[in-house]
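Quick notes on the structure that follows.
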Amino acid sequence: MKSIDIANHKITQKVQITDLPSKVDLDADKKETEKALRKVRRKLGELQDTMYAHGKYSVLVCLQGMDTAGKDSLIREVFKDFNARGVEVMSFKVPTDLELKHDYLWRHYLHLPARGKFGVHNRTHYENVLVTRVHPEYILNEKLPFVNSVEDVDDAFWHQRFEQIKNFENHLAENGTIIFKFFLNLSKEEQKNRLIRRLDLKRKNWKFSAGDLKERKLWDNYMTCYEDAINRTSTNKAPWYNIPADDKPTARLIVASILYDTLKEYTDIEEPELDEKTKANLHLYREQLNNE
């Protein structure tokens with residue numbers, strides 16, 4: 001099996017979506033890929049235990065991708081060996097009435113991970129510069145003071161929103177949150193295959209929505225918006241990673257490997273030591289328990 005090089009996926013300069021691969025050959029079959037994932041996620045789970053005890057860093061994992069990109073199954077498989085107390089998963093849907101009464105980042109602040117924990121966001125604050133950019137009329141639901149019509153949602157509006165997002169992420173990073181932003185890069189042809197699978201398999205029918213086909217017709221618009229969002233917001237503190245998503249097992253392994261290989265470089269993450277007094281009295285505590 002070929003090794004996974006983070007540099008091949010990390011976006012450090014402006015890119016074109018059409019140049020980013022949706023497939024990658026690791027020279028391994030499905031069983032080998034799944035075996036490799038089990039190995040990495042065990043190590044990732046052990047590291048998460050240490051981070052939980054350490055309690056100084058939090059990790060925010062942002063997953064973005066078109067419908068059927070495999071976000072749900074990726075979360076299930078990559079974080080399977082995590083202690084439940086150390087990871088929180090949030091799936092963001094259409095904003096509620098209450099959420100619309102606040103600024104667009106408010107609901108994302110509410111679900112940020114505490115120190116020592118992983119927060120996995122299935123769809124993220126980037127929906128506010130992706131879906132709303134493809135459908136600018138949605139911005140009117142926010143009832144912003146200076147937006148009275150779709151015409152007010154112009155280039156200056158989006159520039160300001162991108163700056164707000166970068167400031168949001170910088171603030172988090174500067175206060176101990178390690179940020180990973182994964183773009184699950186699914187080809188249009190593979191999305192078609194997965195949608196048909198949802199129609200053909202009865203146990204998958206519940207996942208299908210006619211709205212998926214309406215959004216599929218806007219594929220090119222979405223790709224333009226993804227490209228702009230990635231280029232404007234991939235920073236050293238909050239980088240984007242392109243994850244070829246046409247093969248789900250491969251995508252899961254790449255994400256798990258990027259997480260582990262990046263986090264293990266934080267040499268200051270270690271289990272806290274007992275204070276000197278407690279360490280000096282360990283034999284007394286052991287005697288106390290043995291004499292019960």
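Chain identifiers are assigned as A, B, and so on, following the order in which chains appear in the structure tokens; residues are numbered from 1 within each chain, and ligands are numbered from 1 in order of appearance.
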
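Close contacts of A:Asn122, defined as residues with an atom at most 10 Å away when counting only C-alpha atoms, with chain neighbours fewer than 2 positions off set aside, comprise A:Val61, A:Cys62, A:Leu63, A:Gln64, A:Gly65, A:Lys71, A:Asp72, A:Ile75, A:Val89, A:Met90, A:Ser91, A:Phe92, A:Lys93, A:Gly119, A:Val120, A:Thr124, A:His125.
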
Practice problem: Go through stretch 121-203 of chain A and collect every residue that DSSP, computed from the backbone, puts in helix (DSSP H, G or I); the answer should be as a ChimeraX atom specification. | Solution: /A:125-129,131-134,136-142,150-152,155-174,188-200,202-203

Let's have the selection written as a compact mmCIF listing (two decimals), in the first residue's frame, with N, CA and C atoms.
```
# COMPACT_ATOMS: atom_id res chain seq x y z
N HIS A 125 -19.96 25.97 9.32
CA HIS A 125 -20.21 27.40 9.11
C HIS A 125 -20.01 27.78 7.64
N TYR A 126 -19.42 26.90 6.85
CA TYR A 126 -19.23 27.19 5.43
C TYR A 126 -20.52 27.07 4.62
N GLU A 127 -21.53 26.47 5.18
CA GLU A 127 -22.83 26.47 4.51
C GLU A 127 -23.29 27.90 4.25
N ASN A 128 -22.80 28.83 5.09
CA ASN A 128 -23.20 30.24 5.00
C ASN A 128 -22.50 30.99 3.87
N VAL A 129 -21.56 30.33 3.18
CA VAL A 129 -20.97 30.94 1.98
C VAL A 129 -21.00 29.95 0.82
N VAL A 131 -24.25 27.25 0.33
CA VAL A 131 -25.67 27.16 0.01
C VAL A 131 -26.29 28.55 -0.16
N THR A 132 -25.94 29.45 0.75
CA THR A 132 -26.52 30.79 0.67
C THR A 132 -25.98 31.58 -0.51
N ARG A 133 -24.83 31.20 -1.02
CA ARG A 133 -24.29 31.90 -2.20
C ARG A 133 -24.95 31.38 -3.48
N VAL A 134 -25.22 30.09 -3.48
CA VAL A 134 -25.95 29.52 -4.63
C VAL A 134 -27.40 29.99 -4.60
N PRO A 136 -28.87 33.03 -2.90
CA PRO A 136 -28.73 34.26 -2.12
C PRO A 136 -30.02 34.74 -1.47
N GLU A 137 -31.15 34.28 -1.98
CA GLU A 137 -32.43 34.67 -1.37
C GLU A 137 -32.54 34.16 0.06
N TYR A 138 -31.78 33.11 0.41
CA TYR A 138 -31.81 32.60 1.78
C TYR A 138 -31.27 33.62 2.78
N ILE A 139 -30.39 34.50 2.31
CA ILE A 139 -29.82 35.51 3.20
C ILE A 139 -30.91 36.44 3.74
N LEU A 140 -31.95 36.62 2.98
CA LEU A 140 -33.03 37.51 3.42
C LEU A 140 -33.68 37.00 4.70
N ASN A 141 -33.62 35.69 4.92
CA ASN A 141 -34.20 35.11 6.14
C ASN A 141 -33.44 35.54 7.40
N GLU A 142 -32.21 36.02 7.23
CA GLU A 142 -31.41 36.45 8.37
C GLU A 142 -31.82 37.85 8.85
N VAL A 150 -32.09 40.86 -2.67
CA VAL A 150 -31.01 40.01 -3.16
C VAL A 150 -29.90 40.85 -3.78
N GLU A 151 -30.27 41.99 -4.34
CA GLU A 151 -29.26 42.87 -4.95
C GLU A 151 -28.22 43.36 -3.94
N ASP A 152 -28.61 43.37 -2.66
CA ASP A 152 -27.66 43.81 -1.63
C ASP A 152 -26.65 42.72 -1.27
N ASP A 155 -20.75 41.29 -4.11
CA ASP A 155 -19.38 40.83 -3.87
C ASP A 155 -18.83 41.36 -2.55
N ALA A 156 -19.19 42.60 -2.23
CA ALA A 156 -18.71 43.18 -0.97
C ALA A 156 -19.27 42.41 0.23
N PHE A 157 -20.52 41.97 0.11
CA PHE A 157 -21.14 41.19 1.18
C PHE A 157 -20.37 39.90 1.40
N TRP A 158 -20.03 39.19 0.33
CA TRP A 158 -19.34 37.91 0.46
C TRP A 158 -17.91 38.11 0.95
N HIS A 159 -17.27 39.17 0.50
CA HIS A 159 -15.92 39.46 1.00
C HIS A 159 -15.94 39.65 2.51
N GLN A 160 -16.92 40.40 2.99
CA GLN A 160 -17.04 40.64 4.43
C GLN A 160 -17.29 39.33 5.17
N ARG A 161 -18.12 38.48 4.62
CA ARG A 161 -18.44 37.21 5.28
C ARG A 161 -17.22 36.29 5.33
N PHE A 162 -16.44 36.25 4.28
CA PHE A 162 -15.21 35.45 4.30
C PHE A 162 -14.25 35.97 5.35
N GLU A 163 -14.13 37.28 5.47
CA GLU A 163 -13.26 37.86 6.48
C GLU A 163 -13.74 37.50 7.89
N GLN A 164 -15.05 37.50 8.08
CA GLN A 164 -15.61 37.14 9.39
C GLN A 164 -15.29 35.69 9.72
N ILE A 165 -15.40 34.82 8.74
CA ILE A 165 -15.10 33.40 8.95
C ILE A 165 -13.63 33.20 9.29
N LYS A 166 -12.75 33.87 8.58
CA LYS A 166 -11.32 33.75 8.88
C LYS A 166 -11.01 34.28 10.28
N ASN A 167 -11.64 35.37 10.66
CA ASN A 167 -11.45 35.91 12.01
C ASN A 167 -11.95 34.94 13.07
N PHE A 168 -13.08 34.30 12.79
CA PHE A 168 -13.67 33.30 13.68
C PHE A 168 -12.69 32.15 13.89
N GLU A 169 -12.13 31.65 12.81
CA GLU A 169 -11.21 30.52 12.89
C GLU A 169 -9.87 30.91 13.53
N ASN A 170 -9.39 32.11 13.23
CA ASN A 170 -8.16 32.58 13.86
C ASN A 170 -8.34 32.68 15.37
N HIS A 171 -9.48 33.20 15.78
CA HIS A 171 -9.78 33.32 17.21
C HIS A 171 -9.75 31.95 17.88
N LEU A 172 -10.37 30.96 17.24
CA LEU A 172 -10.38 29.61 17.81
C LEU A 172 -8.97 29.04 17.90
N ALA A 173 -8.21 29.18 16.82
CA ALA A 173 -6.86 28.62 16.78
C ALA A 173 -5.97 29.27 17.83
N GLU A 174 -6.12 30.57 18.00
CA GLU A 174 -5.28 31.28 18.96
C GLU A 174 -5.65 30.97 20.40
N LYS A 188 -19.16 14.28 -10.08
CA LYS A 188 -20.59 14.34 -10.43
C LYS A 188 -21.11 12.96 -10.85
N GLU A 189 -20.25 12.22 -11.55
CA GLU A 189 -20.65 10.88 -12.00
C GLU A 189 -20.86 9.94 -10.82
N GLU A 190 -19.97 10.01 -9.82
CA GLU A 190 -20.12 9.14 -8.65
C GLU A 190 -21.34 9.55 -7.84
N GLN A 191 -21.64 10.84 -7.77
CA GLN A 191 -22.86 11.24 -7.06
C GLN A 191 -24.09 10.64 -7.73
N LYS A 192 -24.10 10.63 -9.06
CA LYS A 192 -25.20 10.03 -9.81
C LYS A 192 -25.37 8.56 -9.43
N ASN A 193 -24.25 7.83 -9.36
CA ASN A 193 -24.30 6.41 -9.01
C ASN A 193 -24.86 6.21 -7.61
N ARG A 194 -24.47 7.07 -6.68
CA ARG A 194 -24.93 6.92 -5.30
C ARG A 194 -26.40 7.30 -5.14
N LEU A 195 -26.85 8.26 -5.91
CA LEU A 195 -28.27 8.62 -5.86
C LEU A 195 -29.12 7.49 -6.42
N ILE A 196 -28.66 6.88 -7.51
CA ILE A 196 -29.39 5.74 -8.09
C ILE A 196 -29.42 4.58 -7.09
N ARG A 197 -28.32 4.39 -6.38
CA ARG A 197 -28.26 3.32 -5.37
C ARG A 197 -29.31 3.58 -4.29
N ARG A 198 -29.49 4.81 -3.90
CA ARG A 198 -30.51 5.14 -2.90
C ARG A 198 -31.92 4.83 -3.41
N LEU A 199 -32.10 4.93 -4.71
CA LEU A 199 -33.40 4.63 -5.30
C LEU A 199 -33.60 3.12 -5.45
N ASP A 200 -32.53 2.41 -5.77
CA ASP A 200 -32.63 0.98 -6.06
C ASP A 200 -32.71 0.11 -4.80
N LYS A 202 -34.00 -0.61 -1.16
CA LYS A 202 -35.09 -0.19 -0.28
C LYS A 202 -34.58 0.35 1.05
N ARG A 203 -33.52 -0.29 1.58
CA ARG A 203 -32.99 0.16 2.87
C ARG A 203 -32.30 1.51 2.78
```

Practice problem: Select, from A:Arg85, A:Lys2, A:Arg232, A:Arg41, the residue with the minimum atom-to-atom distance to A:Val255, counting only C-alpha atoms. | Solution: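 Of A:Arg85, A:Lys2, A:Arg232, A:Arg41, the one nearest A:Val255 is A:Arg41, counting only C-alpha atoms.
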
Practice problem: Return the single residue from A:Ile243, A:Ala53, A:Leu20, A:Met66 that is closest to A:Ser257, with distances computed using only C-alpha atoms. | Solution: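 Of all the options, A:Ile243 lies closest to A:Ser257.
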
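Separating atom CA of A:Arg252 from atom CA of A:Ser22 is a distance of 13.2 Å.
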
Quiz prompt | Interatomic distance (Å, one decimal) between atom CA of A:Glu227 and atom CA of A:Leu186 | solution =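 Between atom CA of A:Glu227 and atom CA of A:Leu186 the gap is 13.5 Å.
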
Quiz item: To one decimal place, how far is atom CA of A:Thr250 from atom CA of A:His121 in Å?
Solution: 20.2 Å

Self-check item: A:Asn8, A:Thr96, A:Gln48, A:Asn148 ranked by distance to A:Lys117, top pick (using only C-alpha atoms)
Solution: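 Nearest to A:Lys117: A:Gln48.
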
Quiz item: as a VMD selection string, which residues of stretch 21-216 of chain A does DSSP assign to strand (DSSP E)?
Solution: chain A and resid 58 to 65 87 to 91 118 to 122 177 to 185

Output file for the residues above (N, CA, C and O atoms, as a compact mmCIF listing (two decimals), in the first residue's frame):
```txt
# COMPACT_ATOMS: atom_id res chain seq x y z
N SER A 58 -8.36 21.60 21.99
CA SER A 58 -9.56 20.99 21.43
C SER A 58 -9.33 20.82 19.93
O SER A 58 -8.45 21.47 19.36
N VAL A 59 -10.09 19.95 19.32
CA VAL A 59 -9.95 19.68 17.88
C VAL A 59 -11.30 19.87 17.21
O VAL A 59 -12.30 19.28 17.63
N LEU A 60 -11.32 20.70 16.18
CA LEU A 60 -12.54 20.92 15.40
C LEU A 60 -12.34 20.32 14.02
O LEU A 60 -11.45 20.72 13.27
N VAL A 61 -13.17 19.33 13.70
CA VAL A 61 -13.12 18.66 12.40
C VAL A 61 -14.32 19.11 11.59
O VAL A 61 -15.47 18.85 11.97
N CYS A 62 -14.06 19.78 10.49
CA CYS A 62 -15.12 20.31 9.62
C CYS A 62 -15.22 19.47 8.36
O CYS A 62 -14.23 19.31 7.64
N LEU A 63 -16.40 18.94 8.10
CA LEU A 63 -16.63 18.11 6.91
C LEU A 63 -17.60 18.81 5.97
O LEU A 63 -18.74 19.12 6.34
N GLN A 64 -17.13 19.08 4.77
CA GLN A 64 -17.98 19.68 3.74
C GLN A 64 -17.92 18.83 2.48
O GLN A 64 -16.87 18.28 2.15
N GLY A 65 -19.03 18.76 1.80
CA GLY A 65 -19.07 18.02 0.54
C GLY A 65 -20.48 18.01 0.01
O GLY A 65 -21.44 18.28 0.74
N VAL A 87 -15.66 12.91 22.20
CA VAL A 87 -16.00 13.39 20.86
C VAL A 87 -17.47 13.75 20.82
O VAL A 87 -18.33 13.07 21.39
N GLU A 88 -17.77 14.87 20.17
CA GLU A 88 -19.14 15.33 20.01
C GLU A 88 -19.39 15.61 18.54
O GLU A 88 -18.63 16.36 17.90
N VAL A 89 -20.44 15.02 18.01
CA VAL A 89 -20.77 15.18 16.59
C VAL A 89 -22.00 16.05 16.45
O VAL A 89 -23.00 15.86 17.14
N MET A 90 -21.92 17.02 15.54
CA MET A 90 -23.06 17.89 15.30
C MET A 90 -23.32 17.98 13.79
O MET A 90 -22.39 18.21 13.01
N SER A 91 -24.56 17.75 13.41
CA SER A 91 -24.96 17.86 12.01
C SER A 91 -25.84 19.09 11.86
O SER A 91 -26.92 19.17 12.44
N PHE A 118 -12.89 16.42 20.90
CA PHE A 118 -13.01 16.57 19.45
C PHE A 118 -14.45 16.99 19.15
O PHE A 118 -15.41 16.40 19.68
N GLY A 119 -14.61 17.98 18.30
CA GLY A 119 -15.92 18.34 17.78
C GLY A 119 -15.93 18.04 16.29
O GLY A 119 -15.06 18.53 15.55
N VAL A 120 -16.86 17.22 15.84
CA VAL A 120 -16.96 16.86 14.43
C VAL A 120 -18.23 17.50 13.87
O VAL A 120 -19.34 17.16 14.32
N HIS A 121 -18.06 18.41 12.95
CA HIS A 121 -19.21 19.12 12.38
C HIS A 121 -19.49 18.62 10.97
O HIS A 121 -18.68 18.76 10.06
N ASN A 122 -20.66 18.00 10.84
CA ASN A 122 -21.13 17.49 9.56
C ASN A 122 -21.92 18.63 8.90
O ASN A 122 -23.05 18.92 9.29
N THR A 177 -7.67 25.70 19.78
CA THR A 177 -8.42 24.75 18.96
C THR A 177 -7.63 24.43 17.70
O THR A 177 -7.22 25.33 16.96
N ILE A 178 -7.41 23.15 17.47
CA ILE A 178 -6.73 22.68 16.25
C ILE A 178 -7.80 22.40 15.21
O ILE A 178 -8.71 21.60 15.45
N ILE A 179 -7.72 23.07 14.07
CA ILE A 179 -8.80 23.02 13.08
C ILE A 179 -8.38 22.22 11.85
O ILE A 179 -7.31 22.45 11.28
N PHE A 180 -9.26 21.31 11.46
CA PHE A 180 -9.11 20.56 10.21
C PHE A 180 -10.36 20.80 9.36
O PHE A 180 -11.48 20.60 9.84
N LYS A 181 -10.16 21.19 8.12
CA LYS A 181 -11.30 21.40 7.21
C LYS A 181 -11.13 20.46 6.01
O LYS A 181 -10.20 20.60 5.24
N PHE A 182 -12.04 19.49 5.91
CA PHE A 182 -11.96 18.48 4.87
C PHE A 182 -13.03 18.70 3.80
O PHE A 182 -14.23 18.71 4.11
N PHE A 183 -12.59 18.88 2.57
CA PHE A 183 -13.51 18.95 1.43
C PHE A 183 -13.58 17.57 0.82
O PHE A 183 -12.61 17.08 0.24
N LEU A 184 -14.72 16.90 1.00
CA LEU A 184 -14.90 15.57 0.42
C LEU A 184 -15.24 15.75 -1.05
O LEU A 184 -16.38 16.05 -1.42
N ASN A 185 -14.24 15.56 -1.88
CA ASN A 185 -14.31 15.88 -3.30
C ASN A 185 -14.91 14.71 -4.08
O ASN A 185 -14.23 13.76 -4.43
```
